[in-house]
$ cat target_2.tsv   # TSV, N, CA and C atoms
chain	number	residue	atom	x	y	z
A	1	MET	N	107.45	117.18	151.95
A	1	MET	CA	106.22	116.53	151.58
A	1	MET	C	105.22	117.56	151.05
A	2	LYS	N	104.46	117.16	150.11
A	2	LYS	CA	103.49	118.03	149.46
A	2	LYS	C	102.22	118.11	150.30
A	3	GLU	N	101.74	119.32	150.51
A	3	GLU	CA	100.48	119.48	151.24
A	3	GLU	C	99.33	119.61	150.26
A	4	TRP	N	98.28	118.92	150.55
A	4	TRP	CA	97.09	118.95	149.70
A	4	TRP	C	96.00	119.76	150.39
A	5	SER	N	95.65	120.85	149.78
A	5	SER	CA	94.51	121.61	150.27
A	5	SER	C	93.25	121.00	149.65
A	6	PRO	N	92.11	121.25	150.25
A	6	PRO	CA	90.86	120.71	149.67
A	6	PRO	C	90.65	121.16	148.23
A	7	LYS	N	91.08	122.38	147.91
A	7	LYS	CA	90.92	122.89	146.55
A	7	LYS	C	91.77	122.09	145.56
A	8	LYS	N	93.03	121.79	145.92
A	8	LYS	CA	93.90	120.99	145.06
A	8	LYS	C	93.37	119.56	144.94
A	9	TRP	N	92.87	119.02	146.03
A	9	TRP	CA	92.36	117.63	146.02
A	9	TRP	C	91.15	117.52	145.10
A	10	ILE	N	90.25	118.50	145.19
A	10	ILE	CA	89.06	118.49	144.34
A	10	ILE	C	89.47	118.65	142.87
A	11	GLY	N	90.41	119.53	142.60
A	11	GLY	CA	90.87	119.73	141.22
A	11	GLY	C	91.51	118.47	140.65
A	12	ALA	N	92.41	117.85	141.43
A	12	ALA	CA	93.07	116.63	140.95
A	12	ALA	C	92.07	115.49	140.79
A	13	SER	N	91.15	115.37	141.72
A	13	SER	CA	90.14	114.31	141.65
A	13	SER	C	89.23	114.48	140.45
A	14	SER	N	88.85	115.72	140.16
A	14	SER	CA	87.96	115.92	139.01
A	14	SER	C	88.70	115.66	137.69
A	15	ILE	N	89.99	115.98	137.64
A	15	ILE	CA	90.76	115.66	136.43
A	15	ILE	C	90.85	114.14	136.26
A	16	HIS	N	91.16	113.44	137.36
A	16	HIS	CA	91.22	111.98	137.29
A	16	HIS	C	89.88	111.38	136.90
A	17	LEU	N	88.80	111.89	137.46
A	17	LEU	CA	87.46	111.41	137.14
A	17	LEU	C	87.14	111.65	135.67
A	18	PHE	N	87.51	112.81	135.14
A	18	PHE	CA	87.27	113.11	133.73
A	18	PHE	C	87.99	112.10	132.84
A	19	PHE	N	89.27	111.84	133.13
A	19	PHE	CA	90.02	110.93	132.28
A	19	PHE	C	89.55	109.49	132.41
A	20	TRP	N	89.11	109.08	133.59
A	20	TRP	CA	88.54	107.73	133.73
A	20	TRP	C	87.24	107.63	132.93
A	21	ALA	N	86.41	108.65	133.00
A	21	ALA	CA	85.16	108.64	132.22
A	21	ALA	C	85.45	108.65	130.73
A	22	PHE	N	86.45	109.41	130.30
A	22	PHE	CA	86.83	109.43	128.89
A	22	PHE	C	87.35	108.07	128.44
A	23	THR	N	88.13	107.40	129.28
A	23	THR	CA	88.65	106.07	128.96
A	23	THR	C	87.51	105.07	128.80
A	24	VAL	N	86.57	105.08	129.72
A	24	VAL	CA	85.43	104.16	129.64
A	24	VAL	C	84.60	104.48	128.40
A	25	ALA	N	84.36	105.75	128.14
A	25	ALA	CA	83.58	106.13	126.96
A	25	ALA	C	84.29	105.73	125.67
A	26	SER	N	85.62	105.75	125.68
A	26	SER	CA	86.37	105.34	124.49
A	26	SER	C	86.35	103.84	124.28
A	27	LEU	N	86.21	103.08	125.35
A	27	LEU	CA	86.19	101.62	125.25
A	27	LEU	C	84.82	101.06	124.88
A	28	ILE	N	83.77	101.79	125.14
A	28	ILE	CA	82.42	101.28	124.89
A	28	ILE	C	82.19	100.88	123.44
A	29	PRO	N	82.62	101.64	122.42
A	29	PRO	CA	82.40	101.17	121.04
A	29	PRO	C	83.09	99.84	120.74
A	30	PHE	N	84.29	99.63	121.28
A	30	PHE	CA	84.99	98.37	121.06
A	30	PHE	C	84.26	97.21	121.74
A	31	ILE	N	83.77	97.46	122.93
A	31	ILE	CA	83.01	96.43	123.65
A	31	ILE	C	81.72	96.12	122.90
A	32	LEU	N	81.06	97.16	122.37
A	32	LEU	CA	79.82	96.96	121.61
A	32	LEU	C	80.07	96.13	120.36
A	33	VAL	N	81.16	96.40	119.65
A	33	VAL	CA	81.47	95.62	118.45
A	33	VAL	C	81.70	94.16	118.82
A	34	PHE	N	82.42	93.91	119.90
A	34	PHE	CA	82.65	92.53	120.33
A	34	PHE	C	81.34	91.85	120.73
A	35	MET	N	80.50	92.54	121.49
A	35	MET	CA	79.23	91.95	121.92
A	35	MET	C	78.31	91.66	120.74
A	36	VAL	N	78.30	92.54	119.76
A	36	VAL	CA	77.49	92.30	118.56
A	36	VAL	C	78.05	91.11	117.80
A	37	SER	N	79.37	90.95	117.80
A	37	SER	CA	79.97	89.84	117.05
A	37	SER	C	79.65	88.48	117.68
A	38	ILE	N	79.34	88.46	118.98
A	38	ILE	CA	78.98	87.17	119.60
A	38	ILE	C	77.48	87.03	119.79
A	39	SER	N	76.72	88.00	119.30
A	39	SER	CA	75.26	87.91	119.38
A	39	SER	C	74.73	87.13	118.18
A	40	SER	N	73.58	86.49	118.37
A	40	SER	CA	72.98	85.79	117.23
A	40	SER	C	72.33	86.82	116.30
A	41	GLU	N	72.21	86.45	115.03
A	41	GLU	CA	71.64	87.36	114.04
A	41	GLU	C	70.18	87.68	114.36
A	42	ASP	N	69.43	86.65	114.81
A	42	ASP	CA	68.02	86.88	115.15
A	42	ASP	C	67.89	87.85	116.32
A	43	SER	N	68.78	87.72	117.29
A	43	SER	CA	68.75	88.61	118.45
A	43	SER	C	69.00	90.06	118.04
A	44	ILE	N	69.91	90.26	117.11
A	44	ILE	CA	70.20	91.62	116.64
A	44	ILE	C	69.02	92.17	115.85
A	45	LEU	N	68.39	91.32	115.02
A	45	LEU	CA	67.24	91.79	114.24
A	45	LEU	C	66.06	92.14	115.13
A	46	GLN	N	65.85	91.38	116.20
A	46	GLN	CA	64.72	91.63	117.09
A	46	GLN	C	64.98	92.76	118.08
A	47	ASN	N	66.16	92.77	118.69
A	47	ASN	CA	66.43	93.71	119.78
A	47	ASN	C	67.37	94.84	119.42
A	48	GLY	N	68.02	94.75	118.26
A	48	GLY	CA	69.00	95.77	117.89
A	48	GLY	C	70.32	95.52	118.60
A	49	TYR	N	71.22	96.48	118.48
A	49	TYR	CA	72.53	96.35	119.10
A	49	TYR	C	72.41	96.55	120.60
A	50	SER	N	73.16	95.77	121.36
A	50	SER	CA	73.09	95.87	122.80
A	50	SER	C	74.43	95.46	123.40
A	51	LEU	N	74.79	96.08	124.52
A	51	LEU	CA	76.00	95.69	125.22
A	51	LEU	C	75.83	94.35	125.94
A	52	PHE	N	74.57	93.96	126.13
A	52	PHE	CA	74.27	92.69	126.80
A	52	PHE	C	73.43	91.83	125.87
A	53	PRO	N	74.05	90.93	125.12
A	53	PRO	CA	73.29	90.13	124.14
A	53	PRO	C	72.33	89.16	124.82
A	54	SER	N	71.15	89.01	124.22
A	54	SER	CA	70.18	88.07	124.79
A	54	SER	C	70.49	86.63	124.38
A	55	GLN	N	71.05	86.44	123.21
A	55	GLN	CA	71.46	85.10	122.74
A	55	GLN	C	72.90	85.18	122.25
A	56	ILE	N	73.73	84.28	122.75
A	56	ILE	CA	75.12	84.27	122.33
A	56	ILE	C	75.31	83.23	121.24
A	57	SER	N	76.00	83.63	120.19
A	57	SER	CA	76.26	82.74	119.06
A	57	SER	C	77.63	83.08	118.48
A	58	PHE	N	78.39	82.06	118.17
A	58	PHE	CA	79.71	82.27	117.57
A	58	PHE	C	79.68	81.97	116.07
A	59	ALA	N	78.51	82.09	115.46
A	59	ALA	CA	78.36	81.80	114.03
A	59	ALA	C	79.18	82.76	113.18
A	60	ALA	N	79.30	84.01	113.61
A	60	ALA	CA	80.10	84.98	112.84
A	60	ALA	C	81.56	84.55	112.80
A	61	TYR	N	82.08	84.06	113.92
A	61	TYR	CA	83.48	83.62	113.96
A	61	TYR	C	83.66	82.32	113.18
A	62	GLN	N	82.66	81.44	113.22
A	62	GLN	CA	82.75	80.22	112.42
A	62	GLN	C	82.78	80.56	110.94
A	63	PHE	N	81.93	81.49	110.52
A	63	PHE	CA	81.92	81.93	109.13
A	63	PHE	C	83.25	82.56	108.75
A	64	LEU	N	83.79	83.34	109.65
A	64	LEU	CA	85.04	84.04	109.40
A	64	LEU	C	86.21	83.09	109.22
A	65	PHE	N	86.31	82.09	110.08
A	65	PHE	CA	87.46	81.20	110.05
A	65	PHE	C	87.29	80.01	109.10
A	66	ASN	N	86.08	79.75	108.63
A	66	ASN	CA	85.88	78.69	107.65
A	66	ASN	C	86.41	79.08	106.28
A	67	ASP	N	86.39	80.36	105.96
A	67	ASP	CA	86.87	80.83	104.67
A	67	ASP	C	87.97	81.84	104.90
A	68	PHE	N	89.13	81.35	105.34
A	68	PHE	CA	90.24	82.24	105.69
A	68	PHE	C	90.89	82.85	104.46
A	69	SER	N	90.67	82.28	103.28
A	69	SER	CA	91.29	82.82	102.07
A	69	SER	C	90.81	84.24	101.78
A	70	GLU	N	89.56	84.53	102.07
A	70	GLU	CA	89.03	85.89	101.87
A	70	GLU	C	89.73	86.89	102.79
A	71	ILE	N	89.96	86.48	104.02
A	71	ILE	CA	90.65	87.36	104.97
A	71	ILE	C	92.09	87.58	104.51
A	72	ALA	N	92.74	86.51	104.05
A	72	ALA	CA	94.12	86.62	103.58
A	72	ALA	C	94.20	87.56	102.38
A	73	LYS	N	93.23	87.46	101.46
A	73	LYS	CA	93.22	88.36	100.30
A	73	LYS	C	93.04	89.81	100.74
A	74	ALA	N	92.14	90.03	101.68
A	74	ALA	CA	91.88	91.38	102.16
A	74	ALA	C	93.13	91.97	102.83
A	75	TYR	N	93.81	91.17	103.64
A	75	TYR	CA	95.05	91.65	104.25
A	75	TYR	C	96.12	91.89	103.19
A	76	GLY	N	96.17	91.05	102.17
A	76	GLY	CA	97.12	91.26	101.09
A	76	GLY	C	96.90	92.58	100.39
A	77	VAL	N	95.64	92.90	100.11
A	77	VAL	CA	95.31	94.18	99.48
A	77	VAL	C	95.70	95.34	100.40
A	78	THR	N	95.41	95.19	101.68
A	78	THR	CA	95.75	96.24	102.65
A	78	THR	C	97.25	96.47	102.71
A	79	ILE	N	98.01	95.39	102.80
A	79	ILE	CA	99.47	95.52	102.88
A	79	ILE	C	100.04	96.11	101.59
A	80	LEU	N	99.56	95.63	100.45
A	80	LEU	CA	100.03	96.15	99.17
A	80	LEU	C	99.71	97.64	99.03
A	81	THR	N	98.50	98.04	99.40
A	81	THR	CA	98.11	99.44	99.32
A	81	THR	C	98.98	100.30	100.23
A	82	THR	N	99.27	99.79	101.42
A	82	THR	CA	100.11	100.53	102.35
A	82	THR	C	101.52	100.70	101.80
A	83	LEU	N	102.10	99.62	101.27
A	83	LEU	CA	103.45	99.70	100.74
A	83	LEU	C	103.54	100.62	99.52
A	84	VAL	N	102.62	100.46	98.57
A	84	VAL	CA	102.64	101.30	97.37
A	84	VAL	C	102.38	102.76	97.74
A	85	GLY	N	101.43	102.99	98.60
A	85	GLY	CA	101.13	104.37	99.03
A	85	GLY	C	102.30	105.02	99.74
A	86	THR	N	103.01	104.26	100.57
A	86	THR	CA	104.17	104.80	101.27
A	86	THR	C	105.29	105.14	100.29
A	87	VAL	N	105.57	104.24	99.35
A	87	VAL	CA	106.64	104.49	98.38
A	87	VAL	C	106.30	105.69	97.50
A	88	VAL	N	105.08	105.76	96.99
A	88	VAL	CA	104.68	106.87	96.12
A	88	VAL	C	104.71	108.19	96.90
A	89	SER	N	104.22	108.19	98.11
A	89	SER	CA	104.21	109.42	98.90
A	89	SER	C	105.63	109.85	99.24
A	90	LEU	N	106.52	108.91	99.54
A	90	LEU	CA	107.92	109.25	99.82
A	90	LEU	C	108.59	109.81	98.57
A	91	LEU	N	108.32	109.22	97.42
A	91	LEU	CA	108.88	109.69	96.17
A	91	LEU	C	108.42	111.11	95.86
A	92	ILE	N	107.14	111.37	95.98
A	92	ILE	CA	106.61	112.70	95.68
A	92	ILE	C	107.17	113.73	96.66
A	93	THR	N	107.25	113.36	97.93
A	93	THR	CA	107.80	114.28	98.93
A	93	THR	C	109.26	114.60	98.63
A	94	ALA	N	110.04	113.57	98.26
A	94	ALA	CA	111.45	113.79	97.94
A	94	ALA	C	111.59	114.66	96.69
A	95	LEU	N	110.75	114.42	95.69
A	95	LEU	CA	110.82	115.22	94.46
A	95	LEU	C	110.48	116.69	94.71
A	96	PHE	N	109.60	116.96	95.66
A	96	PHE	CA	109.30	118.35	96.00
A	96	PHE	C	110.34	118.94	96.95
A	97	ALA	N	110.86	118.13	97.85
A	97	ALA	CA	111.77	118.64	98.88
A	97	ALA	C	113.14	118.99	98.33
A	98	TYR	N	113.64	118.22	97.38
A	98	TYR	CA	114.99	118.48	96.89
A	98	TYR	C	115.14	119.88	96.29
A	99	PRO	N	114.27	120.29	95.35
A	99	PRO	CA	114.43	121.66	94.82
A	99	PRO	C	114.27	122.73	95.89
A	100	LEU	N	113.41	122.48	96.87
A	100	LEU	CA	113.22	123.47	97.93
A	100	LEU	C	114.45	123.60	98.82
A	101	SER	N	115.26	122.55	98.88
A	101	SER	CA	116.44	122.58	99.74
A	101	SER	C	117.64	123.24	99.06
A	102	ARG	N	117.57	123.47	97.76
A	102	ARG	CA	118.68	124.06	97.00
A	102	ARG	C	118.51	125.57	96.93
A	103	PRO	N	119.47	126.33	97.43
A	103	PRO	CA	119.32	127.79	97.40
A	103	PRO	C	119.42	128.38	96.00
A	104	GLU	N	120.11	127.70	95.08
A	104	GLU	CA	120.25	128.26	93.74
A	104	GLU	C	119.01	128.06	92.87
A	105	VAL	N	118.07	127.25	93.33
A	105	VAL	CA	116.85	127.04	92.57
A	105	VAL	C	115.80	128.00	93.10
A	106	TYR	N	115.22	128.77	92.22
A	106	TYR	CA	114.15	129.66	92.65
A	106	TYR	C	113.01	129.58	91.66
A	107	VAL	N	111.87	130.01	92.10
A	107	VAL	CA	110.67	129.98	91.27
A	107	VAL	C	110.60	131.29	90.50
A	108	TYR	N	110.30	131.18	89.22
A	108	TYR	CA	110.16	132.38	88.40
A	108	TYR	C	108.83	133.04	88.71
A	109	LEU	N	108.90	134.26	89.18
A	109	LEU	CA	107.70	135.05	89.42
A	109	LEU	C	107.74	136.25	88.50
A	110	PRO	N	106.73	136.45	87.65
A	110	PRO	CA	106.75	137.52	86.64
A	110	PRO	C	106.90	138.92	87.23
A	111	ASN	N	106.34	139.19	88.39
A	111	ASN	CA	106.38	140.54	88.97
A	111	ASN	C	107.58	140.73	89.88
A	112	ARG	N	108.46	139.81	89.91
A	112	ARG	CA	109.61	139.88	90.82
A	112	ARG	C	110.69	140.78	90.20
A	113	VAL	N	111.25	141.64	91.03
A	113	VAL	CA	112.33	142.53	90.58
A	113	VAL	C	113.63	141.78	90.75
A	114	HIS	N	114.45	141.70	89.68
A	114	HIS	CA	115.72	140.96	89.73
A	114	HIS	C	116.86	141.89	90.01
$ encode --input "target_2.tsv" --output "structure tokens"
Amino acid sequence: MKEWSPKKWIGASSIHLFFWAFTVASLIPFILVFMVSISSEDSILQNGYSLFPSQISFAAYQFLFNDFSEIAKAYGVTILTTLVGTVVSLLITALFAYPLSRPEVYVYLPNRVH
């Protein structure tokens, strides 16, 4: 069985505390975005962004889902950009990698002694 000295316990506890604090700090922006999305526009204009909205409104989600064609177009552009970018980047990488993998291909350097 492992023995825990006070020094080891304090060290392990502080590491755990650091990572829990980091996790909470990393989640706060996502929570803020969600809270702003359910806040009313007037509440945001008067009070600014807040983790605790004074007035709750789902108008942003109603607007979002009433015109789903815009969202579909945006996702289409995103998917197309991702596919084209991946293919082009793979092609360029392969075109550079093939000559580098061949030992008989070398770069001409003017000051190189043959």
$ select_by_dssp --input "target_2.tsv" --residues "chain A" --states "helix (DSSP H, G or I)" --output "short mmCIF file (atom, residue, chain, number, x, y, z; two decimals) with N, CA and C atoms, in the coordinates of the input"
data_model
loop_
_atom_site.label_atom_id
_atom_site.label_comp_id
_atom_site.auth_asym_id
_atom_site.auth_seq_id
_atom_site.Cartn_x
_atom_site.Cartn_y
_atom_site.Cartn_z
N PRO A 6 92.11 121.25 150.25
CA PRO A 6 90.86 120.71 149.67
C PRO A 6 90.65 121.16 148.23
N LYS A 7 91.08 122.38 147.91
CA LYS A 7 90.92 122.89 146.55
C LYS A 7 91.77 122.09 145.56
N LYS A 8 93.03 121.79 145.92
CA LYS A 8 93.90 120.99 145.06
C LYS A 8 93.37 119.56 144.94
N TRP A 9 92.87 119.02 146.03
CA TRP A 9 92.36 117.63 146.02
C TRP A 9 91.15 117.52 145.10
N ILE A 10 90.25 118.50 145.19
CA ILE A 10 89.06 118.49 144.34
C ILE A 10 89.47 118.65 142.87
N GLY A 11 90.41 119.53 142.60
CA GLY A 11 90.87 119.73 141.22
C GLY A 11 91.51 118.47 140.65
N ALA A 12 92.41 117.85 141.43
CA ALA A 12 93.07 116.63 140.95
C ALA A 12 92.07 115.49 140.79
N SER A 13 91.15 115.37 141.72
CA SER A 13 90.14 114.31 141.65
C SER A 13 89.23 114.48 140.45
N SER A 14 88.85 115.72 140.16
CA SER A 14 87.96 115.92 139.01
C SER A 14 88.70 115.66 137.69
N ILE A 15 89.99 115.98 137.64
CA ILE A 15 90.76 115.66 136.43
C ILE A 15 90.85 114.14 136.26
N HIS A 16 91.16 113.44 137.36
CA HIS A 16 91.22 111.98 137.29
C HIS A 16 89.88 111.38 136.90
N LEU A 17 88.80 111.89 137.46
CA LEU A 17 87.46 111.41 137.14
C LEU A 17 87.14 111.65 135.67
N PHE A 18 87.51 112.81 135.14
CA PHE A 18 87.27 113.11 133.73
C PHE A 18 87.99 112.10 132.84
N PHE A 19 89.27 111.84 133.13
CA PHE A 19 90.02 110.93 132.28
C PHE A 19 89.55 109.49 132.41
N TRP A 20 89.11 109.08 133.59
CA TRP A 20 88.54 107.73 133.73
C TRP A 20 87.24 107.63 132.93
N ALA A 21 86.41 108.65 133.00
CA ALA A 21 85.16 108.64 132.22
C ALA A 21 85.45 108.65 130.73
N PHE A 22 86.45 109.41 130.30
CA PHE A 22 86.83 109.43 128.89
C PHE A 22 87.35 108.07 128.44
N THR A 23 88.13 107.40 129.28
CA THR A 23 88.65 106.07 128.96
C THR A 23 87.51 105.07 128.80
N VAL A 24 86.57 105.08 129.72
CA VAL A 24 85.43 104.16 129.64
C VAL A 24 84.60 104.48 128.40
N ALA A 25 84.36 105.75 128.14
CA ALA A 25 83.58 106.13 126.96
C ALA A 25 84.29 105.73 125.67
N SER A 26 85.62 105.75 125.68
CA SER A 26 86.37 105.34 124.49
C SER A 26 86.35 103.84 124.28
N LEU A 27 86.21 103.08 125.35
CA LEU A 27 86.19 101.62 125.25
C LEU A 27 84.82 101.06 124.88
N ILE A 28 83.77 101.79 125.14
CA ILE A 28 82.42 101.28 124.89
C ILE A 28 82.19 100.88 123.44
N PRO A 29 82.62 101.64 122.42
CA PRO A 29 82.40 101.17 121.04
C PRO A 29 83.09 99.84 120.74
N PHE A 30 84.29 99.63 121.28
CA PHE A 30 84.99 98.37 121.06
C PHE A 30 84.26 97.21 121.74
N ILE A 31 83.77 97.46 122.93
CA ILE A 31 83.01 96.43 123.65
C ILE A 31 81.72 96.12 122.90
N LEU A 32 81.06 97.16 122.37
CA LEU A 32 79.82 96.96 121.61
C LEU A 32 80.07 96.13 120.36
N VAL A 33 81.16 96.40 119.65
CA VAL A 33 81.47 95.62 118.45
C VAL A 33 81.70 94.16 118.82
N PHE A 34 82.42 93.91 119.90
CA PHE A 34 82.65 92.53 120.33
C PHE A 34 81.34 91.85 120.73
N MET A 35 80.50 92.54 121.49
CA MET A 35 79.23 91.95 121.92
C MET A 35 78.31 91.66 120.74
N VAL A 36 78.30 92.54 119.76
CA VAL A 36 77.49 92.30 118.56
C VAL A 36 78.05 91.11 117.80
N SER A 37 79.37 90.95 117.80
CA SER A 37 79.97 89.84 117.05
C SER A 37 79.65 88.48 117.68
N GLU A 41 72.21 86.45 115.03
CA GLU A 41 71.64 87.36 114.04
C GLU A 41 70.18 87.68 114.36
N ASP A 42 69.43 86.65 114.81
CA ASP A 42 68.02 86.88 115.15
C ASP A 42 67.89 87.85 116.32
N SER A 43 68.78 87.72 117.29
CA SER A 43 68.75 88.61 118.45
C SER A 43 69.00 90.06 118.04
N ILE A 44 69.91 90.26 117.11
CA ILE A 44 70.20 91.62 116.64
C ILE A 44 69.02 92.17 115.85
N LEU A 45 68.39 91.32 115.02
CA LEU A 45 67.24 91.79 114.24
C LEU A 45 66.06 92.14 115.13
N GLN A 46 65.85 91.38 116.20
CA GLN A 46 64.72 91.63 117.09
C GLN A 46 64.98 92.76 118.08
N ASN A 47 66.16 92.77 118.69
CA ASN A 47 66.43 93.71 119.78
C ASN A 47 67.37 94.84 119.42
N ALA A 59 78.51 82.09 115.46
CA ALA A 59 78.36 81.80 114.03
C ALA A 59 79.18 82.76 113.18
N ALA A 60 79.30 84.01 113.61
CA ALA A 60 80.10 84.98 112.84
C ALA A 60 81.56 84.55 112.80
N TYR A 61 82.08 84.06 113.92
CA TYR A 61 83.48 83.62 113.96
C TYR A 61 83.66 82.32 113.18
N GLN A 62 82.66 81.44 113.22
CA GLN A 62 82.75 80.22 112.42
C GLN A 62 82.78 80.56 110.94
N PHE A 63 81.93 81.49 110.52
CA PHE A 63 81.92 81.93 109.13
C PHE A 63 83.25 82.56 108.75
N LEU A 64 83.79 83.34 109.65
CA LEU A 64 85.04 84.04 109.40
C LEU A 64 86.21 83.09 109.22
N PHE A 65 86.31 82.09 110.08
CA PHE A 65 87.46 81.20 110.05
C PHE A 65 87.29 80.01 109.10
N ASN A 66 86.08 79.75 108.63
CA ASN A 66 85.88 78.69 107.65
C ASN A 66 86.41 79.08 106.28
N PHE A 68 89.13 81.35 105.34
CA PHE A 68 90.24 82.24 105.69
C PHE A 68 90.89 82.85 104.46
N SER A 69 90.67 82.28 103.28
CA SER A 69 91.29 82.82 102.07
C SER A 69 90.81 84.24 101.78
N GLU A 70 89.56 84.53 102.07
CA GLU A 70 89.03 85.89 101.87
C GLU A 70 89.73 86.89 102.79
N ILE A 71 89.96 86.48 104.02
CA ILE A 71 90.65 87.36 104.97
C ILE A 71 92.09 87.58 104.51
N ALA A 72 92.74 86.51 104.05
CA ALA A 72 94.12 86.62 103.58
C ALA A 72 94.20 87.56 102.38
N LYS A 73 93.23 87.46 101.46
CA LYS A 73 93.22 88.36 100.30
C LYS A 73 93.04 89.81 100.74
N ALA A 74 92.14 90.03 101.68
CA ALA A 74 91.88 91.38 102.16
C ALA A 74 93.13 91.97 102.83
N TYR A 75 93.81 91.17 103.64
CA TYR A 75 95.05 91.65 104.25
C TYR A 75 96.12 91.89 103.19
N GLY A 76 96.17 91.05 102.17
CA GLY A 76 97.12 91.26 101.09
C GLY A 76 96.90 92.58 100.39
N VAL A 77 95.64 92.90 100.11
CA VAL A 77 95.31 94.18 99.48
C VAL A 77 95.70 95.34 100.40
N THR A 78 95.41 95.19 101.68
CA THR A 78 95.75 96.24 102.65
C THR A 78 97.25 96.47 102.71
N ILE A 79 98.01 95.39 102.80
CA ILE A 79 99.47 95.52 102.88
C ILE A 79 100.04 96.11 101.59
N LEU A 80 99.56 95.63 100.45
CA LEU A 80 100.03 96.15 99.17
C LEU A 80 99.71 97.64 99.03
N THR A 81 98.50 98.04 99.40
CA THR A 81 98.11 99.44 99.32
C THR A 81 98.98 100.30 100.23
N THR A 82 99.27 99.79 101.42
CA THR A 82 100.11 100.53 102.35
C THR A 82 101.52 100.70 101.80
N LEU A 83 102.10 99.62 101.27
CA LEU A 83 103.45 99.70 100.74
C LEU A 83 103.54 100.62 99.52
N VAL A 84 102.62 100.46 98.57
CA VAL A 84 102.64 101.30 97.37
C VAL A 84 102.38 102.76 97.74
N GLY A 85 101.43 102.99 98.60
CA GLY A 85 101.13 104.37 99.03
C GLY A 85 102.30 105.02 99.74
N THR A 86 103.01 104.26 100.57
CA THR A 86 104.17 104.80 101.27
C THR A 86 105.29 105.14 100.29
N VAL A 87 105.57 104.24 99.35
CA VAL A 87 106.64 104.49 98.38
C VAL A 87 106.30 105.69 97.50
N VAL A 88 105.08 105.76 96.99
CA VAL A 88 104.68 106.87 96.12
C VAL A 88 104.71 108.19 96.90
N SER A 89 104.22 108.19 98.11
CA SER A 89 104.21 109.42 98.90
C SER A 89 105.63 109.85 99.24
N LEU A 90 106.52 108.91 99.54
CA LEU A 90 107.92 109.25 99.82
C LEU A 90 108.59 109.81 98.57
N LEU A 91 108.32 109.22 97.42
CA LEU A 91 108.88 109.69 96.17
C LEU A 91 108.42 111.11 95.86
N ILE A 92 107.14 111.37 95.98
CA ILE A 92 106.61 112.70 95.68
C ILE A 92 107.17 113.73 96.66
N THR A 93 107.25 113.36 97.93
CA THR A 93 107.80 114.28 98.93
C THR A 93 109.26 114.60 98.63
N ALA A 94 110.04 113.57 98.26
CA ALA A 94 111.45 113.79 97.94
C ALA A 94 111.59 114.66 96.69
N LEU A 95 110.75 114.42 95.69
CA LEU A 95 110.82 115.22 94.46
C LEU A 95 110.48 116.69 94.71
N PHE A 96 109.60 116.96 95.66
CA PHE A 96 109.30 118.35 96.00
C PHE A 96 110.34 118.94 96.95
N ALA A 97 110.86 118.13 97.85
CA ALA A 97 111.77 118.64 98.88
C ALA A 97 113.14 118.99 98.33
N TYR A 98 113.64 118.22 97.38
CA TYR A 98 114.99 118.48 96.89
C TYR A 98 115.14 119.88 96.29
N PRO A 99 114.27 120.29 95.35
CA PRO A 99 114.43 121.66 94.82
C PRO A 99 114.27 122.73 95.89
N LEU A 100 113.41 122.48 96.87
CA LEU A 100 113.22 123.47 97.93
C LEU A 100 114.45 123.60 98.82
N SER A 101 115.26 122.55 98.88
CA SER A 101 116.44 122.58 99.74
C SER A 101 117.64 123.24 99.06
#
$ atom_distance --input "target_2.tsv" --atom1 "atom CA of A:Leu80" --atom2 "atom N of A:Asp67"
21.9 Å
$ atom_distance --input "target_2.tsv" --atom1 "atom C of A:Pro99" --atom2 "atom CA of A:Val84"
24.4 Å
$ atom_distance --input "target_2.tsv" --atom1 "atom CA of A:Phe65" --atom2 "atom N of A:Gly48"
25.1 Å
$ axis_aligned_box --input "target_2.tsv" --around "stretch 40-43 of chain A" --padding-each-side "6 Å" --output "lines of an AutoDock Vina configuration file"
center_x = 70.7
center_y = 87.9
center_z = 116.2
size_x = 17.7
size_y = 16.3
size_z = 16.4
